[in-house]
$ cat run36.txt   # compact mmCIF, C-alpha atoms
# COMPACT_ATOMS: atom_id res chain seq x y z
CA MET A 450 0.00 0.00 0.00
CA LYS A 451 2.87 2.25 0.88
CA THR A 452 4.56 1.46 -2.45
CA ALA A 453 1.35 2.08 -4.37
CA SER A 454 0.97 5.39 -2.60
CA LYS A 455 4.48 6.45 -3.63
CA PHE A 456 3.82 5.35 -7.21
CA PHE A 457 0.54 7.27 -7.30
CA THR A 458 2.31 10.34 -5.90
CA ALA A 459 5.07 10.08 -8.50
CA ILE A 460 2.52 9.82 -11.34
CA CYS A 461 0.60 12.82 -10.04
CA LEU A 462 3.81 14.83 -9.67
CA ALA A 463 4.93 13.92 -13.20
CA LEU A 464 1.57 14.89 -14.65
CA THR A 465 1.60 18.15 -12.73
CA LEU A 466 5.11 19.02 -13.87
CA SER A 467 4.23 18.04 -17.44
CA GLY A 468 1.18 20.27 -17.30
CA GLN A 469 3.29 23.13 -15.97
CA VAL A 470 5.77 22.73 -18.83
CA LEU A 471 2.99 22.60 -21.41
CA TYR A 472 1.31 25.61 -19.83
CA ALA A 473 4.62 27.54 -19.86
CA ALA A 474 5.19 26.62 -23.50
CA ASP A 475 1.64 27.59 -24.43
CA SER A 476 1.99 30.86 -22.50
CA LYS A 477 5.24 31.67 -24.29
CA LYS A 478 3.64 30.96 -27.67
CA ALA A 479 0.57 33.01 -26.76
CA LYS A 480 2.79 35.92 -25.74
CA ALA A 481 4.74 35.70 -29.01
CA HIS A 482 1.49 35.80 -30.97
CA ALA A 483 -0.20 38.45 -28.83
CA ASP A 484 0.10 41.13 -31.52
CA MET A 485 -0.35 38.76 -34.47
CA VAL A 486 -3.24 37.07 -36.26
CA TRP A 487 -3.36 33.60 -37.75
CA ILE A 488 -3.87 33.55 -41.51
CA GLY A 489 -5.14 30.13 -42.58
CA PRO A 490 -3.83 28.43 -45.73
CA GLY A 491 -5.56 29.05 -49.01
CA GLU A 492 -5.56 29.84 -52.69
CA PHE A 493 -6.23 33.19 -54.36
CA ALA A 494 -5.87 35.22 -57.54
CA MET A 495 -2.72 37.31 -57.17
CA GLY A 496 -2.11 40.57 -58.99
CA SER A 497 -4.13 43.53 -60.24
CA GLU A 498 -6.19 44.47 -63.25
CA ASP A 499 -5.07 47.53 -65.21
CA PRO A 500 -5.96 50.45 -62.89
CA THR A 501 -6.57 52.76 -65.83
CA THR A 502 -9.57 50.63 -66.85
CA LEU A 503 -11.42 51.02 -63.58
CA ALA A 504 -14.81 52.67 -63.58
CA PRO A 505 -14.96 56.38 -62.66
CA GLY A 506 -14.93 56.92 -58.92
CA MET A 507 -12.90 53.79 -58.20
CA CYS A 508 -9.69 55.80 -58.04
CA GLY A 509 -7.52 53.79 -60.38
CA GLY A 510 -5.12 56.52 -61.43
CA HIS A 511 -3.14 56.83 -64.64
CA GLU A 512 -0.48 54.11 -64.20
CA LYS A 513 -1.00 50.80 -65.99
CA MET A 514 1.24 48.89 -63.51
CA ARG A 515 2.10 46.10 -65.95
CA ASP A 516 4.36 44.41 -63.38
CA ALA A 517 1.21 43.39 -61.43
CA ARG A 518 -0.03 41.21 -64.29
CA PRO A 519 -0.96 38.69 -65.41
CA VAL A 520 -3.26 37.80 -62.53
CA HIS A 521 -2.38 34.22 -61.57
CA ARG A 522 -3.39 31.57 -59.04
CA VAL A 523 -1.30 31.13 -55.90
CA TYR A 524 -1.55 28.88 -52.85
CA VAL A 525 0.09 29.75 -49.53
CA ASN A 526 0.47 27.79 -46.31
CA GLY A 527 -0.88 29.25 -43.08
CA PHE A 528 1.19 31.75 -41.08
CA TRP A 529 1.01 34.34 -38.32
CA MET A 530 1.22 38.02 -39.25
CA ASP A 531 1.72 41.17 -37.19
CA LYS A 532 -1.57 43.03 -36.78
CA THR A 533 0.20 46.33 -37.43
CA GLU A 534 3.36 47.69 -38.92
CA VAL A 535 6.30 47.48 -36.50
CA THR A 536 6.18 50.57 -34.32
CA ASN A 537 8.86 52.91 -33.02
CA GLU A 538 8.56 51.51 -29.51
CA GLN A 539 8.97 47.94 -30.78
CA PHE A 540 12.01 48.87 -32.85
CA LEU A 541 13.47 50.78 -29.88
CA ALA A 542 13.27 47.62 -27.76
CA PHE A 543 15.22 45.77 -30.45
CA VAL A 544 17.91 48.47 -30.64
CA LYS A 545 18.26 48.61 -26.83
CA ALA A 546 18.66 44.83 -26.67
CA THR A 547 21.18 44.54 -29.49
CA ASN A 548 22.85 47.98 -29.93
CA TYR A 549 21.93 47.66 -33.60
CA LYS A 550 22.83 50.46 -36.00
CA THR A 551 20.62 50.93 -39.04
CA VAL A 552 21.93 51.52 -42.54
CA ALA A 553 20.91 55.18 -42.35
CA GLU A 554 23.06 55.68 -39.26
CA ILE A 555 26.23 54.52 -41.03
CA ALA A 556 27.92 56.59 -43.73
CA PRO A 557 27.65 54.90 -47.16
CA THR A 558 30.75 54.19 -49.19
CA LYS A 559 31.68 54.98 -52.78
CA GLU A 560 31.76 51.25 -53.48
CA GLU A 561 28.09 50.93 -52.48
CA PHE A 562 26.92 54.01 -54.37
CA PRO A 563 29.47 54.74 -57.12
CA THR A 564 27.33 57.41 -58.78
CA ALA A 565 26.43 59.30 -55.59
CA PRO A 566 27.88 62.80 -55.08
CA VAL A 567 30.71 62.81 -52.52
CA GLN A 568 28.77 65.24 -50.31
CA ASN A 569 26.04 62.62 -49.95
CA LEU A 570 28.40 59.95 -48.61
CA VAL A 571 27.46 60.77 -45.02
CA ALA A 572 24.98 59.09 -42.72
CA GLY A 573 21.44 59.98 -43.65
CA SER A 574 18.44 58.92 -45.67
CA THR A 575 15.75 60.06 -48.10
CA VAL A 576 12.99 62.41 -46.97
CA PHE A 577 9.87 63.57 -48.76
CA THR A 578 9.83 67.35 -49.18
CA PRO A 579 6.74 69.15 -50.51
CA THR A 580 7.42 71.40 -53.47
CA PRO A 581 6.54 75.12 -53.16
CA ARG A 582 4.28 74.96 -56.19
CA ALA A 583 2.74 72.48 -58.61
CA VAL A 584 5.29 70.60 -60.74
CA PRO A 585 5.14 67.99 -63.52
CA LEU A 586 4.92 64.55 -61.92
CA ASN A 587 7.54 62.92 -64.13
CA ASN A 588 10.55 63.41 -61.85
CA MET A 589 10.36 62.21 -58.25
CA PHE A 590 13.65 63.88 -57.36
CA GLN A 591 11.71 67.12 -57.24
CA TRP A 592 10.12 66.02 -53.95
CA TRP A 593 12.70 63.65 -52.51
CA ARG A 594 15.97 64.74 -50.95
CA TYR A 595 18.88 62.96 -49.29
CA GLN A 596 18.86 64.37 -45.75
CA HIS A 597 22.00 64.17 -43.64
CA GLY A 598 21.17 62.83 -40.19
CA ALA A 599 17.80 61.34 -41.15
CA ASP A 600 17.29 57.91 -39.55
CA TRP A 601 14.65 55.97 -37.64
CA LYS A 602 15.08 58.17 -34.54
CA HIS A 603 15.04 61.35 -36.64
CA PRO A 604 12.70 60.49 -39.55
CA GLU A 605 12.86 63.91 -41.20
CA GLY A 606 16.45 64.66 -40.16
CA PRO A 607 18.11 66.55 -37.27
CA GLY A 608 15.52 68.36 -35.22
CA SER A 609 12.86 65.71 -35.82
CA SER A 610 12.16 63.03 -33.23
CA ILE A 611 10.03 60.00 -32.45
CA LYS A 612 9.17 61.32 -28.98
CA GLY A 613 5.43 61.09 -28.61
CA ARG A 614 5.30 58.90 -31.72
CA GLU A 615 5.83 55.56 -30.03
CA LYS A 616 2.75 54.07 -31.70
CA TYR A 617 3.71 55.30 -35.17
CA PRO A 618 5.28 52.84 -37.60
CA VAL A 619 9.05 52.87 -37.59
CA VAL A 620 10.39 54.31 -40.84
CA GLN A 621 13.82 54.94 -42.38
CA VAL A 622 14.59 51.21 -42.26
CA ALA A 623 16.46 49.55 -45.12
CA TYR A 624 15.80 45.93 -46.03
CA GLU A 625 18.58 44.53 -43.86
CA ASP A 626 17.33 46.55 -40.88
CA ALA A 627 13.85 45.04 -41.20
CA GLU A 628 15.36 41.59 -41.61
CA ALA A 629 17.55 42.05 -38.52
CA TYR A 630 14.56 43.06 -36.40
CA ALA A 631 12.56 40.08 -37.66
CA ARG A 632 15.35 37.63 -36.73
CA TRP A 633 15.63 39.17 -33.26
CA ALA A 634 11.87 38.86 -32.77
CA GLY A 635 11.93 35.20 -33.86
CA LYS A 636 10.00 36.05 -37.00
CA ARG A 637 10.71 36.81 -40.66
CA LEU A 638 9.59 39.15 -43.42
CA PRO A 639 6.59 38.01 -45.48
CA THR A 640 6.84 36.81 -49.03
CA GLU A 641 5.00 38.98 -51.51
CA ALA A 642 2.40 36.24 -51.97
CA GLU A 643 1.81 35.94 -48.22
CA TRP A 644 1.50 39.71 -47.94
CA GLU A 645 -1.13 40.02 -50.67
CA TYR A 646 -3.07 36.97 -49.50
CA ALA A 647 -3.25 38.45 -45.99
CA ALA A 648 -4.06 41.95 -47.27
CA ARG A 649 -7.05 40.64 -49.21
CA GLY A 650 -8.57 39.35 -45.98
CA GLY A 651 -10.42 36.55 -47.72
CA LEU A 652 -12.02 38.86 -50.30
CA GLN A 653 -11.50 37.49 -53.79
CA GLY A 654 -10.70 39.76 -56.72
CA LYS A 655 -11.36 43.06 -54.97
CA THR A 656 -9.66 46.34 -55.84
CA TYR A 657 -8.83 47.30 -52.24
CA SER A 658 -8.22 45.33 -49.07
CA TRP A 659 -11.70 46.35 -47.91
CA GLY A 660 -13.67 45.82 -51.15
CA ASP A 661 -14.35 47.59 -54.43
CA GLN A 662 -15.54 50.98 -53.23
CA PHE A 663 -12.77 53.51 -52.62
CA LYS A 664 -14.70 55.32 -49.86
CA PRO A 665 -17.56 53.08 -48.74
CA GLY A 666 -20.26 55.24 -47.19
CA GLY A 667 -17.99 58.26 -47.65
CA LYS A 668 -15.51 56.86 -45.10
CA TRP A 669 -11.73 56.99 -45.55
CA MET A 670 -10.31 53.48 -45.22
CA ALA A 671 -6.58 54.23 -45.36
CA ASN A 672 -4.05 56.98 -44.73
CA ILE A 673 -3.24 58.35 -48.18
CA TYR A 674 -2.60 61.75 -49.75
CA GLN A 675 -5.32 64.31 -50.36
CA GLY A 676 -4.84 67.79 -51.76
CA SER A 677 -2.41 68.76 -54.49
CA PHE A 678 0.52 66.34 -54.79
CA PRO A 679 3.34 67.03 -54.02
CA VAL A 680 2.55 70.53 -52.73
CA SER A 681 0.21 70.01 -49.79
CA ASP A 682 -1.53 67.12 -48.07
CA SER A 683 -4.89 68.49 -46.92
CA GLY A 684 -5.36 65.67 -44.41
CA GLN A 685 -9.01 64.99 -45.25
CA ASP A 686 -8.54 61.44 -43.94
CA GLY A 687 -7.54 62.85 -40.54
CA TYR A 688 -3.79 62.86 -41.00
CA LYS A 689 -1.33 65.07 -42.83
CA GLY A 690 1.56 62.72 -43.37
CA LEU A 691 2.21 59.62 -41.27
CA ALA A 692 -0.44 58.27 -38.88
CA PRO A 693 -0.19 56.07 -35.78
CA VAL A 694 -0.90 52.42 -36.48
CA ALA A 695 -4.44 51.01 -36.34
CA LYS A 696 -6.27 54.32 -36.84
CA PHE A 697 -8.21 53.00 -39.84
CA PRO A 698 -10.47 49.93 -40.01
CA ALA A 699 -8.83 46.52 -40.03
CA ASN A 700 -9.46 44.15 -42.92
CA LYS A 701 -11.49 40.98 -42.44
CA TYR A 702 -8.44 39.15 -41.04
CA GLY A 703 -7.92 41.81 -38.37
CA LEU A 704 -4.88 43.39 -40.02
CA TYR A 705 -4.44 47.16 -39.93
CA ASP A 706 -2.98 49.53 -42.53
CA MET A 707 -2.59 47.01 -45.32
CA ALA A 708 -3.10 50.01 -47.59
CA GLY A 709 -1.46 53.39 -47.14
CA ASN A 710 0.49 54.79 -44.17
CA VAL A 711 3.87 53.19 -44.98
CA TRP A 712 5.19 50.88 -47.65
CA GLU A 713 6.22 47.47 -46.27
CA TRP A 714 9.24 45.38 -47.18
CA CYS A 715 8.67 41.86 -48.52
CA SER A 716 11.35 39.19 -48.78
CA ASP A 717 11.09 38.70 -52.58
CA TRP A 718 13.57 40.11 -55.04
CA TYR A 719 11.80 42.40 -57.48
CA ARG A 720 11.46 41.48 -61.14
CA ALA A 721 8.99 43.22 -63.42
CA ASP A 722 8.39 39.99 -65.35
CA TYR A 723 8.06 37.62 -62.39
CA TYR A 724 4.29 37.22 -62.60
CA ALA A 725 4.56 36.36 -66.27
CA SER A 726 7.03 33.58 -65.45
CA LEU A 727 4.70 32.14 -62.79
CA ALA A 728 1.68 32.29 -65.09
CA ALA A 729 3.62 30.64 -67.91
CA ALA A 730 4.11 27.53 -65.75
CA GLY A 731 0.38 26.92 -66.10
CA ASN A 732 -0.21 25.57 -62.59
CA VAL A 733 -1.20 27.02 -59.25
CA SER A 734 2.00 28.43 -57.80
CA ARG A 735 2.56 27.06 -54.30
CA ASN A 736 4.26 29.31 -51.75
CA PRO A 737 6.28 31.33 -54.28
CA GLN A 738 9.43 32.81 -52.78
CA GLY A 739 10.19 35.32 -55.52
CA PRO A 740 12.75 35.18 -58.33
CA GLU A 741 16.30 34.01 -57.75
CA LYS A 742 17.73 37.34 -58.88
CA PRO A 743 16.42 40.91 -59.03
CA PHE A 744 15.93 42.84 -62.23
CA ASP A 745 14.28 46.19 -62.83
CA PRO A 746 14.47 47.24 -66.49
CA ALA A 747 14.32 50.87 -65.38
CA GLU A 748 17.53 50.39 -63.34
CA PRO A 749 19.11 47.09 -64.45
CA GLY A 750 22.10 47.21 -62.12
CA VAL A 751 20.21 48.04 -58.91
CA LYS A 752 19.27 45.28 -56.47
CA LYS A 753 15.67 45.76 -55.38
CA ARG A 754 13.20 43.99 -53.12
CA VAL A 755 9.43 44.20 -53.30
CA HIS A 756 7.45 46.86 -51.41
CA ARG A 757 3.75 46.39 -50.76
CA GLY A 758 0.77 48.45 -49.59
CA GLY A 759 1.50 52.01 -50.66
CA SER A 760 1.96 54.88 -48.23
CA PHE A 761 0.61 58.21 -47.01
CA LEU A 762 2.04 59.68 -50.23
CA CYS A 763 -0.13 57.58 -52.54
CA THR A 764 -2.75 59.49 -54.51
CA ASP A 765 -4.78 59.09 -57.69
CA GLN A 766 -2.80 62.04 -59.05
CA TYR A 767 0.46 60.08 -59.00
CA CYS A 768 0.47 56.64 -57.36
CA THR A 769 -2.51 54.39 -56.60
CA ARG A 770 -0.53 51.52 -55.13
CA TYR A 771 -2.88 51.35 -52.16
CA MET A 772 -4.75 49.01 -54.53
CA VAL A 773 -4.29 45.58 -53.02
CA GLY A 774 -2.81 43.72 -56.01
CA THR A 775 -0.26 46.35 -57.03
CA ARG A 776 3.47 46.34 -56.36
CA GLY A 777 6.29 48.63 -55.31
CA LYS A 778 10.04 48.18 -55.28
CA GLY A 779 13.08 49.58 -53.52
CA GLU A 780 16.87 49.39 -53.53
CA VAL A 781 17.85 47.23 -50.57
CA LYS A 782 20.12 49.80 -48.90
CA THR A 783 17.70 52.69 -49.31
CA ALA A 784 15.32 53.79 -46.59
CA ALA A 785 12.75 56.59 -46.57
CA ASN A 786 10.29 58.31 -44.25
CA HIS A 787 7.35 56.46 -45.85
CA LEU A 788 8.84 52.95 -45.67
CA GLY A 789 8.43 50.42 -42.85
CA PHE A 790 7.58 46.73 -42.44
CA ARG A 791 5.69 44.06 -40.52
CA CYS A 792 6.65 40.47 -39.74
CA VAL A 793 5.26 36.96 -40.08
CA SER A 794 5.96 33.67 -38.35
CA ASN A 795 5.29 29.97 -38.95
CA ASN A 796 5.72 28.99 -35.30
$ encode --input "run36.txt" --output "structure tokens"
Amino acid sequence: MKTASKFFTAICLALTLSGQVLYAADSKKAKAHADMVWIGPGEFAMGSEDPTTLAPGMCGGHEKMRDARPVHRVYVNGFWMDKTEVTNEQFLAFVKATNYKTVAEIAPTKEEFPTAPVQNLVAGSTVFTPTPRAVPLNNMFQWWRYQHGADWKHPEGPGSSIKGREKYPVVQVAYEDAEAYARWAGKRLPTEAEWEYAARGGLQGKTYSWGDQFKPGGKWMANIYQGSFPVSDSGQDGYKGLAPVAKFPANKYGLYDMAGNVWEWCSDWYRADYYASLAAAGNVSRNPQGPEKPFDPAEPGVKKRVHRGGSFLCTDQYCTRYMVGTRGKGEVKTAANHLGFRCVSNN
């Protein structure tokens, strides 16, 4: 009886300890996923119709965006995704833990940017600057400048700060900065296919992440540019420039700001003809990871990754890439004050 009692006690103790371990593991996983949502596996039509063919009032803009076609079928496995873009306070925690220095905080070299003026080979980044008057929209260098001292802590340069902007998306992060944060957080950057699948929120073939109407019921659904671009953002949507995260309605998966606010890095290399190559295979593409090498015919020698989602600078006057199936691109070492990211995880 005594032996049986000891055996029973040992079994109970083992079960209790096992339960404690499982509870601790579950608690750790729950904590890791606290600011994420689960996106179940599925298949969808990836890409965008020609925006210039949209009906009046649907805000398609004047760009044909050929790199977003042909529309093709894609399947993705399930994954977790951050509900919002990574914020300043989250990025600050990463920097404090690792003493990480972003690309913008380190002076570039002539080897990295052989065509850059010598005076620009100092730490800094690109900043949007409104023009004093209306200008032709065929030269973006009229409203972008390389600002010495601009980085994630000083998004517009010396004198600017993230104080009081803890809940704003972190900006001025180059691709490797976003990737470094993701590794530290035990996550990764999304593939372009994962990003679009999540952004669609289960809605098939829609123009925007919320549906087909640009302003359903007269309500602004994303932080984009109103007024005269690039002279003045009138802020009709409630914000002139960048907005804190989660100030606009979430999509049907519970994800915020999948259109507008800041562009988001994806892990894929950018190729203008990539969709054509996938479509030519004739099958449903399963978990595409992007092309093996980058190529942008507009800048053949520049290594670019995909951007998704558009930003607070998108407008039907110039750029309508808040449309869910459209694409952006960026040189991997280049950051800007309208460019951020969010992470995904398979664990």
$ closest_atom_pairs --input "run36.txt" --of "region 624-729 of chain A" --to "region 780-792 of chain A" --cutoff "9 Å" --atoms "all atoms listed in the file" --output "JSON lines"
{"residue": "A:Tyr624", "atom": "CA", "partner": "A:Val781", "partner_atom": "CA", "distance": 5.1}
{"residue": "A:Glu625", "atom": "CA", "partner": "A:Val781", "partner_atom": "CA", "distance": 7.3}
{"residue": "A:Ala627", "atom": "CA", "partner": "A:Phe790", "partner_atom": "CA", "distance": 6.6}
{"residue": "A:Glu628", "atom": "CA", "partner": "A:Cys792", "partner_atom": "CA", "distance": 9.0}
{"residue": "A:Tyr630", "atom": "CA", "partner": "A:Cys792", "partner_atom": "CA", "distance": 9.0}
{"residue": "A:Ala631", "atom": "CA", "partner": "A:Cys792", "partner_atom": "CA", "distance": 6.3}
{"residue": "A:Ala634", "atom": "CA", "partner": "A:Cys792", "partner_atom": "CA", "distance": 8.9}
{"residue": "A:Lys636", "atom": "CA", "partner": "A:Cys792", "partner_atom": "CA", "distance": 6.2}
{"residue": "A:Arg637", "atom": "CA", "partner": "A:Cys792", "partner_atom": "CA", "distance": 5.5}
{"residue": "A:Leu638", "atom": "CA", "partner": "A:Cys792", "partner_atom": "CA", "distance": 4.9}
{"residue": "A:Pro639", "atom": "CA", "partner": "A:Cys792", "partner_atom": "CA", "distance": 6.2}
{"residue": "A:Gly690", "atom": "CA", "partner": "A:His787", "partner_atom": "CA", "distance": 8.9}
{"residue": "A:Leu691", "atom": "CA", "partner": "A:His787", "partner_atom": "CA", "distance": 7.6}
{"residue": "A:Asn710", "atom": "CA", "partner": "A:His787", "partner_atom": "CA", "distance": 7.3}
{"residue": "A:Val711", "atom": "CA", "partner": "A:His787", "partner_atom": "CA", "distance": 4.9}
{"residue": "A:Trp712", "atom": "CA", "partner": "A:Leu788", "partner_atom": "CA", "distance": 4.6}
{"residue": "A:Glu713", "atom": "CA", "partner": "A:Phe790", "partner_atom": "CA", "distance": 4.1}
{"residue": "A:Trp714", "atom": "CA", "partner": "A:Phe790", "partner_atom": "CA", "distance": 5.2}
{"residue": "A:Cys715", "atom": "CA", "partner": "A:Phe790", "partner_atom": "CA", "distance": 7.9}
$ atom_distance --input "run36.txt" --atom1 "CA of Glu534 (chain A)" --atom2 "CA of Leu570 (chain A)"
29.5 Å
$ atom_distance --input "run36.txt" --atom1 "CA of Ser681 (chain A)" --atom2 "CA of Val619 (chain A)"
22.8 Å
$ closest_residue --input "run36.txt" --among "A:Asp722, A:Asp765, A:Asp717, A:Asp484" --to "Asp745 (chain A)" --atoms "all atoms listed in the file"
A:Asp722
$ closest_residue --input "run36.txt" --among "A:Gly608, A:Trp487, A:Met772, A:Pro737" --to "Asp661 (chain A)" --atoms "only C-alpha atoms"
A:Met772
$ closest_residue --input "run36.txt" --among "A:Pro585, A:Thr547, A:Gln539, A:Gly606" --to "Ala572 (chain A)" --atoms "only C-alpha atoms"
A:Gly606
$ atom_distance --input "run36.txt" --atom1 "CA of Val773 (chain A)" --atom2 "CA of Ser658 (chain A)"
5.6 Å
$ residues_around --input "run36.txt" --residues "His521 (chain A)" --least-positions-apart "4" --cutoff "9 Å" --atoms "only C-alpha atoms" --output "list in words"
Phe493, Ala494, Met495, Gly496, Tyr724, Ala725, Leu727, Ala728, Asn732, Val733 and Ser734 of chain A
$ residues_around --input "run36.txt" --residues "Thr558 (chain A)" --least-positions-apart "4" --cutoff "12 Å" --atoms "all atoms listed in the file" --output "list in words"
Val552, Phe562, Pro563, Thr564, Ala565, Pro566, Val567, Gln568, Asn569, Leu570, Val571, Ala572 and Lys782 of chain A
$ residues_near_point --input "run36.txt" --point "(3.8, 39.5, -35.1)" --cutoff "8 Å" --atoms "only C-alpha atoms" --output "PyMOL selection string"
chain A and resi 481-486+529-532+636+791-794
$ write_last_selection --input "run36.txt" --atoms "C-alpha atoms" --output "short mmCIF file (atom, residue, chain, number, x, y, z; two decimals), keeping the file's coordinate frame"
data_model
loop_
_atom_site.label_atom_id
_atom_site.label_comp_id
_atom_site.auth_asym_id
_atom_site.auth_seq_id
_atom_site.Cartn_x
_atom_site.Cartn_y
_atom_site.Cartn_z
CA ALA A 481 4.74 35.70 -29.01
CA HIS A 482 1.49 35.80 -30.97
CA ALA A 483 -0.20 38.45 -28.83
CA ASP A 484 0.10 41.13 -31.52
CA MET A 485 -0.35 38.76 -34.47
CA VAL A 486 -3.24 37.07 -36.26
CA TRP A 529 1.01 34.34 -38.32
CA MET A 530 1.22 38.02 -39.25
CA ASP A 531 1.72 41.17 -37.19
CA LYS A 532 -1.57 43.03 -36.78
CA LYS A 636 10.00 36.05 -37.00
CA ARG A 791 5.69 44.06 -40.52
CA CYS A 792 6.65 40.47 -39.74
CA VAL A 793 5.26 36.96 -40.08
CA SER A 794 5.96 33.67 -38.35
#
$ closest_residue --input "run36.txt" --among "A:Gly573, A:Pro581, A:Gly666, A:Pro607" --to "Glu554 (chain A)" --atoms "all atoms listed in the file"
A:Gly573
$ closest_residue --input "run36.txt" --among "A:Phe528, A:Trp592, A:Tyr549, A:Tyr657" --to "Pro679 (chain A)" --atoms "only C-alpha atoms"
A:Trp592
$ residues_around --input "run36.txt" --residues "Ser677 (chain A)" --least-positions-apart "5" --cutoff "12 Å" --atoms "only C-alpha atoms" --output "PyMOL selection string"
chain A and resi 579-586+682-685+762-767
$ write_last_selection --input "run36.txt" --atoms "C-alpha atoms" --output "compact mmCIF listing (two decimals), in the frame of the given file"
# COMPACT_ATOMS: atom_id res chain seq x y z
CA PRO A 579 6.74 69.15 -50.51
CA THR A 580 7.42 71.40 -53.47
CA PRO A 581 6.54 75.12 -53.16
CA ARG A 582 4.28 74.96 -56.19
CA ALA A 583 2.74 72.48 -58.61
CA VAL A 584 5.29 70.60 -60.74
CA PRO A 585 5.14 67.99 -63.52
CA LEU A 586 4.92 64.55 -61.92
CA ASP A 682 -1.53 67.12 -48.07
CA SER A 683 -4.89 68.49 -46.92
CA GLY A 684 -5.36 65.67 -44.41
CA GLN A 685 -9.01 64.99 -45.25
CA LEU A 762 2.04 59.68 -50.23
CA CYS A 763 -0.13 57.58 -52.54
CA THR A 764 -2.75 59.49 -54.51
CA ASP A 765 -4.78 59.09 -57.69
CA GLN A 766 -2.80 62.04 -59.05
CA TYR A 767 0.46 60.08 -59.00
$ residues_around --input "run36.txt" --residues "Gly489 (chain A)" --least-positions-apart "5" --cutoff "10 Å" --atoms "all atoms listed in the file" --output "ChimeraX atom specification"
/A:525-529,646-647,651,702
